[in-house]
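Enquirer: My structure file final-v5.cif, mmCIF, C-alpha atoms, pLDDT in the B column; chains and numbers go by the auth columns, is below:
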data_run
#
loop_
_atom_site.group_PDB
_atom_site.id
_atom_site.type_symbol
_atom_site.label_atom_id
_atom_site.label_comp_id
_atom_site.label_asym_id
_atom_site.label_seq_id
_atom_site.Cartn_x
_atom_site.Cartn_y
_atom_site.Cartn_z
_atom_site.B_iso_or_equiv
_atom_site.auth_seq_id
_atom_site.auth_asym_id
ATOM 1 C CA ALA A 1 15.642 6.950 -6.044 58.00 1 L
ATOM 2 C CA GLN A 2 12.382 5.174 -6.576 59.00 2 L
ATOM 3 C CA LYS A 3 9.449 7.056 -7.925 90.00 3 L
ATOM 4 C CA ILE A 4 5.954 6.085 -8.963 95.00 4 L
ATOM 5 C CA THR A 5 3.812 8.440 -11.001 94.00 5 L
ATOM 6 C CA GLN A 6 0.085 8.193 -11.497 94.00 6 L
ATOM 7 C CA THR A 7 -0.952 11.260 -13.448 88.00 7 L
ATOM 8 C CA GLN A 8 -4.671 10.594 -13.833 84.00 8 L
ATOM 9 C CA PRO A 9 -6.459 11.942 -10.750 79.00 9 L
ATOM 10 C CA GLY A 10 -9.727 10.376 -11.832 91.00 10 L
ATOM 11 C CA MET A 11 -11.377 8.438 -14.620 93.00 11 L
ATOM 12 C CA PHE A 12 -14.898 7.526 -15.595 95.00 12 L
ATOM 13 C CA VAL A 13 -15.862 4.409 -17.523 96.00 13 L
ATOM 14 C CA GLN A 14 -19.120 2.825 -18.552 97.00 14 L
ATOM 15 C CA GLU A 15 -20.030 -0.520 -17.084 97.00 15 L
ATOM 16 C CA LYS A 16 -18.805 -3.453 -19.203 97.00 16 L
ATOM 17 C CA GLU A 17 -16.174 -1.365 -20.965 97.00 17 L
ATOM 18 C CA ALA A 18 -12.424 -1.842 -20.553 97.00 18 L
ATOM 19 C CA VAL A 19 -10.303 0.814 -18.852 97.00 19 L
ATOM 20 C CA THR A 20 -6.562 1.440 -18.556 97.00 20 L
ATOM 21 C CA LEU A 21 -5.032 3.041 -15.490 97.00 21 L
ATOM 22 C CA ASP A 22 -1.619 4.566 -16.068 96.00 22 L
ATOM 23 C CA CYS A 23 1.501 4.080 -13.972 97.00 23 L
ATOM 24 C CA THR A 24 5.059 5.074 -14.755 97.00 24 L
ATOM 25 C CA TYR A 25 8.036 4.361 -12.567 97.00 25 L
ATOM 26 C CA ASP A 26 11.644 5.332 -12.220 95.00 26 L
ATOM 27 C CA THR A 27 14.412 3.105 -10.901 92.00 27 L
ATOM 28 C CA SER A 28 18.008 2.292 -11.711 91.00 28 L
ATOM 29 C CA ASP A 29 17.738 -1.189 -10.190 90.00 29 L
ATOM 30 C CA PRO A 30 17.348 -3.878 -12.865 92.00 30 L
ATOM 31 C CA SER A 31 15.437 -6.058 -10.398 91.00 31 L
ATOM 32 C CA TYR A 32 12.126 -4.739 -9.166 92.00 32 L
ATOM 33 C CA GLY A 33 8.493 -5.640 -8.697 92.00 33 L
ATOM 34 C CA LEU A 34 5.394 -3.665 -9.541 95.00 34 L
ATOM 35 C CA PHE A 35 2.105 -4.002 -7.686 95.00 35 L
ATOM 36 C CA TRP A 36 -1.397 -2.669 -8.060 97.00 36 L
ATOM 37 C CA TYR A 37 -3.748 -2.250 -5.107 97.00 37 L
ATOM 38 C CA LYS A 38 -7.420 -1.356 -5.000 97.00 38 L
ATOM 39 C CA GLN A 39 -8.946 0.722 -2.215 96.00 39 L
ATOM 40 C CA PRO A 40 -12.757 0.761 -2.249 96.00 40 L
ATOM 41 C CA SER A 41 -14.727 3.362 -0.315 93.00 41 L
ATOM 42 C CA SER A 42 -14.750 1.019 2.684 93.00 42 L
ATOM 43 C CA GLY A 43 -11.027 1.762 3.007 92.00 43 L
ATOM 44 C CA GLU A 44 -9.194 -1.546 2.905 93.00 44 L
ATOM 45 C CA MET A 45 -6.203 -2.076 0.598 94.00 45 L
ATOM 46 C CA ILE A 46 -6.645 -5.050 -1.715 95.00 46 L
ATOM 47 C CA PHE A 47 -3.736 -6.533 -3.654 94.00 47 L
ATOM 48 C CA LEU A 48 -4.670 -7.041 -7.317 97.00 48 L
ATOM 49 C CA ILE A 49 -1.701 -8.004 -9.448 96.00 49 L
ATOM 50 C CA TYR A 50 2.085 -8.249 -9.561 95.00 50 L
ATOM 51 C CA GLN A 51 4.628 -7.869 -12.371 95.00 51 L
ATOM 52 C CA GLY A 52 8.316 -8.663 -12.015 93.00 52 L
ATOM 53 C CA SER A 53 10.946 -6.810 -13.985 93.00 53 L
ATOM 54 C CA TYR A 54 12.287 -10.045 -15.436 93.00 54 L
ATOM 55 C CA ASP A 55 8.905 -11.530 -16.285 92.00 55 L
ATOM 56 C CA GLN A 56 8.665 -12.247 -19.977 90.00 56 L
ATOM 57 C CA GLN A 57 4.905 -12.062 -20.145 94.00 57 L
ATOM 58 C CA ASN A 58 2.423 -9.495 -18.940 96.00 58 L
ATOM 59 C CA ALA A 59 0.735 -10.519 -15.706 96.00 59 L
ATOM 60 C CA THR A 60 -2.948 -11.422 -15.694 97.00 60 L
ATOM 61 C CA GLU A 61 -5.363 -12.087 -12.832 96.00 61 L
ATOM 62 C CA GLY A 62 -8.935 -12.625 -13.918 96.00 62 L
ATOM 63 C CA ARG A 63 -10.242 -9.342 -15.340 97.00 63 L
ATOM 64 C CA TYR A 64 -7.003 -7.569 -14.428 97.00 64 L
ATOM 65 C CA SER A 65 -3.975 -7.488 -16.669 97.00 65 L
ATOM 66 C CA LEU A 66 -0.836 -5.459 -16.624 97.00 66 L
ATOM 67 C CA ASN A 67 0.483 -3.767 -19.758 97.00 67 L
ATOM 68 C CA PHE A 68 4.170 -3.824 -18.893 96.00 68 L
ATOM 69 C CA GLN A 69 6.402 -1.755 -21.154 96.00 69 L
ATOM 70 C CA LYS A 70 9.841 -2.008 -19.640 95.00 70 L
ATOM 71 C CA ALA A 71 11.620 0.359 -22.020 94.00 71 L
ATOM 72 C CA ARG A 72 9.043 3.043 -21.326 95.00 72 L
ATOM 73 C CA LYS A 73 9.022 2.220 -17.621 96.00 73 L
ATOM 74 C CA SER A 74 5.275 1.918 -17.580 97.00 74 L
ATOM 75 C CA ALA A 75 3.039 -0.633 -15.879 97.00 75 L
ATOM 76 C CA ASN A 76 -0.520 0.191 -16.766 97.00 76 L
ATOM 77 C CA LEU A 77 -3.400 -1.741 -15.223 98.00 77 L
ATOM 78 C CA VAL A 78 -6.094 -2.878 -17.620 98.00 78 L
ATOM 79 C CA ILE A 79 -9.500 -3.793 -16.241 97.00 79 L
ATOM 80 C CA SER A 80 -11.691 -5.601 -18.724 96.00 80 L
ATOM 81 C CA ALA A 81 -15.481 -5.596 -18.596 95.00 81 L
ATOM 82 C CA SER A 82 -15.742 -2.990 -15.832 97.00 82 L
ATOM 83 C CA GLN A 83 -18.208 -3.622 -13.038 97.00 83 L
ATOM 84 C CA LEU A 84 -19.835 -1.171 -10.646 97.00 84 L
ATOM 85 C CA GLY A 85 -17.792 -2.741 -7.855 97.00 85 L
ATOM 86 C CA ASP A 86 -14.611 -1.655 -9.597 98.00 86 L
ATOM 87 C CA SER A 87 -15.281 1.929 -8.518 98.00 87 L
ATOM 88 C CA ALA A 88 -12.413 2.647 -6.130 97.00 88 L
ATOM 89 C CA MET A 89 -9.027 4.251 -5.674 95.00 89 L
ATOM 90 C CA TYR A 90 -6.207 2.389 -7.397 97.00 90 L
ATOM 91 C CA PHE A 91 -2.591 2.555 -6.324 96.00 91 L
ATOM 92 C CA CYS A 92 0.515 1.512 -8.217 96.00 92 L
ATOM 93 C CA ALA A 93 3.541 0.567 -6.132 95.00 93 L
ATOM 94 C CA MET A 94 7.082 -0.636 -6.663 94.00 94 L
ATOM 95 C CA ARG A 95 9.690 -2.476 -4.660 91.00 95 L
ATOM 96 C CA GLU A 96 13.286 -2.663 -5.795 87.00 96 L
ATOM 97 C CA GLY A 97 14.979 -6.056 -5.523 81.00 97 L
ATOM 98 C CA GLY A 98 15.927 -6.873 -1.937 75.00 98 L
ATOM 99 C CA SER A 99 14.417 -3.687 -0.546 82.00 99 L
ATOM 100 C CA GLU A 100 12.033 -3.956 2.372 81.00 100 L
ATOM 101 C CA LYS A 101 10.154 -0.890 1.219 86.00 101 L
ATOM 102 C CA LEU A 102 7.171 -0.552 -1.079 90.00 102 L
ATOM 103 C CA VAL A 103 6.826 2.893 -2.660 92.00 103 L
ATOM 104 C CA PHE A 104 3.332 3.981 -3.648 94.00 104 L
ATOM 105 C CA GLY A 105 2.003 6.376 -6.218 93.00 105 L
ATOM 106 C CA LYS A 106 -0.579 8.941 -5.173 92.00 106 L
ATOM 107 C CA GLY A 107 -3.409 6.871 -6.596 93.00 107 L
ATOM 108 C CA MET A 108 -6.237 7.556 -8.963 94.00 108 L
ATOM 109 C CA LYS A 109 -10.002 7.308 -8.591 95.00 109 L
ATOM 110 C CA LEU A 110 -11.987 5.149 -10.974 97.00 110 L
ATOM 111 C CA THR A 111 -15.728 5.577 -11.243 97.00 111 L
ATOM 112 C CA VAL A 112 -17.758 3.007 -13.152 97.00 112 L
ATOM 113 C CA ASN A 113 -21.080 4.341 -14.408 96.00 113 L
ATOM 114 C CA PRO A 114 -24.124 2.124 -15.032 94.00 114 L
ATOM 115 C CA ASN B 1 -8.851 -16.094 8.285 62.00 1 Z
ATOM 116 C CA ALA B 2 -7.885 -12.895 10.129 72.00 2 Z
ATOM 117 C CA GLY B 3 -4.734 -11.822 8.223 93.00 3 Z
ATOM 118 C CA VAL B 4 -3.714 -8.388 9.505 96.00 4 Z
ATOM 119 C CA THR B 5 -5.818 -6.908 12.301 96.00 5 Z
ATOM 120 C CA GLN B 6 -5.584 -3.303 13.452 97.00 6 Z
ATOM 121 C CA THR B 7 -7.032 -1.894 16.662 96.00 7 Z
ATOM 122 C CA PRO B 8 -8.670 0.476 17.203 96.00 8 Z
ATOM 123 C CA LYS B 9 -10.527 1.280 13.988 95.00 9 Z
ATOM 124 C CA PHE B 10 -11.309 4.861 14.996 96.00 10 Z
ATOM 125 C CA ARG B 11 -9.958 7.206 17.631 95.00 11 Z
ATOM 126 C CA VAL B 12 -10.194 10.866 18.484 96.00 12 Z
ATOM 127 C CA LEU B 13 -7.436 12.418 20.569 95.00 13 Z
ATOM 128 C CA LYS B 14 -6.699 15.818 21.967 96.00 14 Z
ATOM 129 C CA THR B 15 -3.434 17.524 21.148 97.00 15 Z
ATOM 130 C CA GLY B 16 -0.721 16.301 23.482 96.00 16 Z
ATOM 131 C CA GLN B 17 -2.354 13.001 24.349 96.00 17 Z
ATOM 132 C CA SER B 18 -0.585 9.735 23.724 95.00 18 Z
ATOM 133 C CA MET B 19 -1.837 6.490 22.298 94.00 19 Z
ATOM 134 C CA THR B 20 -0.724 3.201 20.805 97.00 20 Z
ATOM 135 C CA LEU B 21 -2.039 1.545 17.683 97.00 21 Z
ATOM 136 C CA LEU B 22 -1.813 -2.217 17.617 97.00 22 Z
ATOM 137 C CA CYS B 23 -1.216 -4.372 14.573 97.00 23 Z
ATOM 138 C CA ALA B 24 -1.416 -8.155 14.749 97.00 24 Z
ATOM 139 C CA GLN B 25 -0.807 -10.658 11.956 96.00 25 Z
ATOM 140 C CA ASP B 26 -1.379 -14.383 12.010 95.00 26 Z
ATOM 141 C CA MET B 27 0.486 -15.283 8.807 93.00 27 Z
ATOM 142 C CA ASN B 28 3.915 -15.761 10.406 93.00 28 Z
ATOM 143 C CA HIS B 29 5.270 -12.867 8.350 93.00 29 Z
ATOM 144 C CA GLU B 30 8.724 -11.537 9.119 92.00 30 Z
ATOM 145 C CA TYR B 31 8.202 -8.024 7.790 93.00 31 Z
ATOM 146 C CA MET B 32 5.746 -5.502 9.140 96.00 32 Z
ATOM 147 C CA TYR B 33 5.077 -1.899 8.215 96.00 33 Z
ATOM 148 C CA TRP B 34 3.204 1.186 9.341 97.00 34 Z
ATOM 149 C CA TYR B 35 1.939 3.683 6.764 97.00 35 Z
ATOM 150 C CA ARG B 36 -0.102 6.825 6.919 97.00 36 Z
ATOM 151 C CA GLN B 37 -2.501 7.858 4.182 96.00 37 Z
ATOM 152 C CA ASP B 38 -3.384 11.476 3.619 94.00 38 Z
ATOM 153 C CA PRO B 39 -5.563 12.904 0.821 86.00 39 Z
ATOM 154 C CA GLY B 40 -3.598 13.265 -2.413 80.00 40 Z
ATOM 155 C CA MET B 41 -0.451 11.803 -0.854 80.00 41 Z
ATOM 156 C CA GLY B 42 -0.821 8.084 -1.327 86.00 42 Z
ATOM 157 C CA LEU B 43 0.658 5.880 1.382 93.00 43 Z
ATOM 158 C CA ARG B 44 3.832 6.955 3.114 94.00 44 Z
ATOM 159 C CA LEU B 45 5.982 4.633 5.177 95.00 45 Z
ATOM 160 C CA ILE B 46 6.412 5.633 8.820 97.00 46 Z
ATOM 161 C CA HIS B 47 8.410 2.753 10.315 97.00 47 Z
ATOM 162 C CA TYR B 48 8.969 -0.863 9.485 95.00 48 Z
ATOM 163 C CA SER B 49 10.392 -4.026 10.992 95.00 49 Z
ATOM 164 C CA VAL B 50 12.326 -6.833 9.371 92.00 50 Z
ATOM 165 C CA GLY B 51 11.888 -9.195 12.286 92.00 51 Z
ATOM 166 C CA GLU B 52 11.140 -9.574 15.971 93.00 52 Z
ATOM 167 C CA GLY B 53 13.080 -7.053 18.015 93.00 53 Z
ATOM 168 C CA THR B 54 14.066 -4.876 15.042 94.00 54 Z
ATOM 169 C CA THR B 55 12.664 -1.591 13.769 96.00 55 Z
ATOM 170 C CA ALA B 56 13.731 0.979 11.202 95.00 56 Z
ATOM 171 C CA LYS B 57 12.661 4.422 10.056 95.00 57 Z
ATOM 172 C CA GLY B 58 10.676 4.988 6.930 94.00 58 Z
ATOM 173 C CA GLU B 59 9.900 8.126 4.991 92.00 59 Z
ATOM 174 C CA VAL B 60 7.983 10.046 7.692 95.00 60 Z
ATOM 175 C CA PRO B 61 9.097 8.746 11.121 96.00 61 Z
ATOM 176 C CA ASP B 62 9.053 11.967 13.169 96.00 62 Z
ATOM 177 C CA GLY B 63 6.587 11.996 16.045 95.00 63 Z
ATOM 178 C CA TYR B 64 6.129 8.221 16.055 97.00 64 Z
ATOM 179 C CA ASN B 65 7.760 5.295 17.802 96.00 65 Z
ATOM 180 C CA VAL B 66 7.352 1.592 17.190 97.00 66 Z
ATOM 181 C CA SER B 67 8.074 -1.693 18.869 97.00 67 Z
ATOM 182 C CA ARG B 68 8.153 -5.310 17.705 96.00 68 Z
ATOM 183 C CA LEU B 69 8.480 -7.359 20.859 94.00 69 Z
ATOM 184 C CA LYS B 70 6.654 -10.325 19.344 95.00 70 Z
ATOM 185 C CA LYS B 71 6.823 -11.486 15.759 95.00 71 Z
ATOM 186 C CA GLN B 72 3.085 -11.232 15.279 96.00 72 Z
ATOM 187 C CA ASN B 73 2.651 -7.742 16.735 97.00 73 Z
ATOM 188 C CA PHE B 74 3.833 -4.318 15.624 97.00 74 Z
ATOM 189 C CA LEU B 75 2.898 -1.322 17.752 98.00 75 Z
ATOM 190 C CA LEU B 76 2.836 2.302 16.626 97.00 76 Z
ATOM 191 C CA GLY B 77 2.996 4.932 19.333 97.00 77 Z
ATOM 192 C CA LEU B 78 2.249 8.629 19.355 95.00 78 Z
ATOM 193 C CA GLU B 79 3.828 10.141 22.455 91.00 79 Z
ATOM 194 C CA SER B 80 2.354 13.633 22.091 95.00 80 Z
ATOM 195 C CA ALA B 81 -0.276 13.771 19.383 95.00 81 Z
ATOM 196 C CA ALA B 82 -0.384 16.762 17.044 96.00 82 Z
ATOM 197 C CA PRO B 83 -3.126 17.825 14.609 96.00 83 Z
ATOM 198 C CA SER B 84 -0.701 17.087 11.734 96.00 84 Z
ATOM 199 C CA GLN B 85 -0.923 13.428 12.713 97.00 85 Z
ATOM 200 C CA THR B 86 -4.591 13.292 11.809 97.00 86 Z
ATOM 201 C CA SER B 87 -4.612 10.588 9.182 97.00 87 Z
ATOM 202 C CA VAL B 88 -5.585 7.044 8.296 97.00 88 Z
ATOM 203 C CA TYR B 89 -2.968 4.583 9.481 98.00 89 Z
ATOM 204 C CA PHE B 90 -2.384 1.251 7.802 97.00 90 Z
ATOM 205 C CA CYS B 91 -0.392 -1.698 8.996 97.00 91 Z
ATOM 206 C CA ALA B 92 0.937 -4.234 6.513 96.00 92 Z
ATOM 207 C CA SER B 93 2.983 -7.396 6.579 95.00 93 Z
ATOM 208 C CA SER B 94 4.849 -9.564 4.096 91.00 94 Z
ATOM 209 C CA TYR B 95 6.529 -12.944 4.203 86.00 95 Z
ATOM 210 C CA SER B 96 9.788 -11.847 2.621 77.00 96 Z
ATOM 211 C CA VAL B 97 11.329 -9.047 0.619 69.00 97 Z
ATOM 212 C CA ASN B 98 11.465 -11.090 -2.543 69.00 98 Z
ATOM 213 C CA SER B 99 10.129 -8.614 -5.024 61.00 99 Z
ATOM 214 C CA ASN B 100 7.129 -10.785 -5.908 76.00 100 Z
ATOM 215 C CA GLN B 101 5.749 -10.886 -2.381 79.00 101 Z
ATOM 216 C CA PRO B 102 2.853 -8.457 -1.899 88.00 102 Z
ATOM 217 C CA GLN B 103 2.232 -6.707 1.359 91.00 103 Z
ATOM 218 C CA HIS B 104 -1.017 -7.596 3.083 93.00 104 Z
ATOM 219 C CA PHE B 105 -2.836 -4.719 4.704 95.00 105 Z
ATOM 220 C CA GLY B 106 -5.080 -4.270 7.689 95.00 106 Z
ATOM 221 C CA ASP B 107 -8.305 -2.323 7.378 95.00 107 Z
ATOM 222 C CA GLY B 108 -6.822 0.889 8.709 95.00 108 Z
ATOM 223 C CA THR B 109 -7.216 3.116 11.765 96.00 109 Z
ATOM 224 C CA ARG B 110 -8.800 6.529 11.325 96.00 110 Z
ATOM 225 C CA LEU B 111 -7.181 8.890 13.812 96.00 111 Z
ATOM 226 C CA SER B 112 -8.283 12.463 14.445 96.00 112 Z
ATOM 227 C CA ILE B 113 -6.280 14.858 16.595 96.00 113 Z
ATOM 228 C CA LEU B 114 -8.203 17.882 17.840 95.00 114 Z
#
Could you rewrite the structure in this file as structure tokens?
Expert:
Amino acid sequence: AQKITQTQPGMFVQEKEAVTLDCTYDTSDPSYGLFWYKQPSSGEMIFLIYQGSYDQQNATEGRYSLNFQKARKSANLVISASQLGDSAMYFCAMREGGSEKLVFGKGMKLTVNP
Amino acid sequence: NAGVTQTPKFRVLKTGQSMTLLCAQDMNHEYMYWYRQDPGMGLRLIHYSVGEGTTAKGEVPDGYNVSRLKKQNFLLGLESAAPSQTSVYFCASSYSVNSNQPQHFGDGTRLSIL
């Protein structure tokens, strides 16, 4: 069964610093995809970054990068140079290969302080 | 550039009333999903559809029905609303179930059942 674990309920970071948001997953399927979404206080879900299980390199999208450690089954999101607008809930999610379903973690709240 | 549009954005119902939430996407996506988001629970899949005329149950389907009569629309119905269905409801769509395809979300519907 799929499972996504985000153990940090909340984090605080100073503006301009880097921050790592943890995500571990559990699957027996060798083919899967990992996603991170951002949910600001306005409520919408914003797709940030994707990492495939067979990707050789860690995914990067602007200030977002994914620290993918396959053996440890972790897919941590790294945000460089935090901005006040990064304050939001962040959700890690996984889809096994060929599955229609995306399974979400419970999320964690990031607060960026000026 | 509409993407996924949900109506209504807010609604208050009395216990026992019925209502339908509408989701419309203009991206020609085959797959559509309904989630509910409750505090501390992340997003949980209610029902989903893999194409026009098809629907399937997700993780928490009880008390809800869905229909996908047109490819671009996915309706979520509550036949007899209960206070436990107070939640934020999100619709999402994706082009395929290739693991690298993210789901695109609507802005959510905040539903309160009194």
Enquirer: Identify, on the basis of only C-alpha atoms, every residue whose closest approach to Ser31 (chain L) does not exceed 9 Å; exclude the query and any residue fewer than 6 positions from it along the same chain; express the result as an MDAnalysis selection string.
Expert: (chainID L and resid 52:54 95:98) or (chainID Z and resid 99)
Enquirer: What residues in chain L lie within 9 Å of chain Z, counting all atoms listed in the file, written as a ChimeraX atom specification?
Expert: /L:9,31-35,42-47,49-52,91,94-107
Enquirer: For Asn58 (chain L), which residue among L:Arg72, L:Val78, L:Gln39, L:Leu84 is the nearest when counting all atoms listed in the file?
Expert: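 Among L:Arg72, L:Val78, L:Gln39, L:Leu84, it is L:Val78 that comes nearest to Asn58 (chain L).
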Enquirer: What does the distance between CA of Pro8 (chain Z) and CA of Leu110 (chain L) come to in Å, to one decimal place?
Expert: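 Computing the Euclidean distance for CA of Pro8 (chain Z) and CA of Leu110 (chain L) yields 28.8 Å.
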Enquirer: Could you spell out the hits of the PyMOL selection byres ((chain Z and resi 7) around 9) on the shown file, as a ChimeraX atom specification?
Expert: /Z:5-6,8-10,21-24,108-109
Enquirer: So that all listed atoms of region 64-83 of chain L fit with 3 Å spare on each side, what axis-aligned box centre and edge lengths in Å, to one decimal, would you give as lines of an AutoDock Vina configuration file?
Expert:
center_x = -3.3
center_y = -2.3
center_z = -17.5
size_x = 35.8
size_y = 16.6
size_z = 15.0
Enquirer: What residues come out when you apply the PyMOL selection byres ((chain L and resi 109) around 8) to this file, written as a VMD selection string?
Expert: chain L and resid 9 to 11 87 to 90 107 to 108 110 to 111
Enquirer: Taking the point (5.5, 13.9, 13.4) as given in the file, collect each protein or nucleic acid residue that comes within 8 Å of it, counting all atoms listed in the file, and present the set as a ChimeraX atom specification.
Expert: /Z:60-64,82,84-85
Enquirer: Which value, in Å to one decimal, gives the distance between CA of Val19 (chain L) and CA of Ser65 (chain L)?
Expert: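 Going from CA of Val19 (chain L) over to CA of Ser65 (chain L), I get 10.7 Å.
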Enquirer: What's the separation between CA of Val112 (chain L) and CA of Gly85 (chain L), in Å to one decimal place?
Expert: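 Separation between CA of Val112 (chain L) and CA of Gly85 (chain L): 7.8 Å.
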Enquirer: Can you tell me which residues surround Phe68 (chain L) at a distance of at most 9 Å, considering all atoms listed in the file, apart from same-chain residues fewer than 5 positions away, and format the answer as a VMD selection string?
Expert: chain L and resid 51 53 57 to 59 73 to 77
Enquirer: Translate the PyMOL selection byres ((chain Z and resi 75) around 7), as applied to the file shown, into an explicit residue set as a ChimeraX atom specification.
Expert: /Z:20-23,66-68,73-74,76-77
Enquirer: Can you spit out the residues from that selection as a short mmCIF file (atom, residue, chain, number, x, y, z; two decimals), in the frame of the given file, using C-alpha atoms?
Expert:
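For reference, selection-v2.cif as written:
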data_model
loop_
_atom_site.label_atom_id
_atom_site.label_comp_id
_atom_site.auth_asym_id
_atom_site.auth_seq_id
_atom_site.Cartn_x
_atom_site.Cartn_y
_atom_site.Cartn_z
CA THR Z 20 -0.72 3.20 20.80
CA LEU Z 21 -2.04 1.54 17.68
CA LEU Z 22 -1.81 -2.22 17.62
CA CYS Z 23 -1.22 -4.37 14.57
CA VAL Z 66 7.35 1.59 17.19
CA SER Z 67 8.07 -1.69 18.87
CA ARG Z 68 8.15 -5.31 17.70
CA ASN Z 73 2.65 -7.74 16.74
CA PHE Z 74 3.83 -4.32 15.62
CA LEU Z 76 2.84 2.30 16.63
CA GLY Z 77 3.00 4.93 19.33
#
Enquirer: I need the residue nearest Asp86 (chain L) from this list: L:Thr5, L:Gln14, L:Asn67, L:Thr24. Use only C-alpha atoms for the distance.
Expert: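 That would be L:Gln14, the residue with the smallest distance to Asp86 (chain L).
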Enquirer: Nearest residue to Ala81 (chain L) out of L:Lys3, L:Asn113, L:Phe12, L:Ala18, using all atoms listed in the file?
Expert: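 Ranking L:Lys3, L:Asn113, L:Phe12, L:Ala18 by distance to Ala81 (chain L), first place goes to L:Ala18.
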Enquirer: Given the choices L:Ser80, L:Thr60, L:Gln69, L:Thr27, which gets closest to Ile4 (chain L) if the distance is worked out from only C-alpha atoms?
Expert: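 Closest to Ile4 (chain L), using only C-alpha atoms: L:Thr27.
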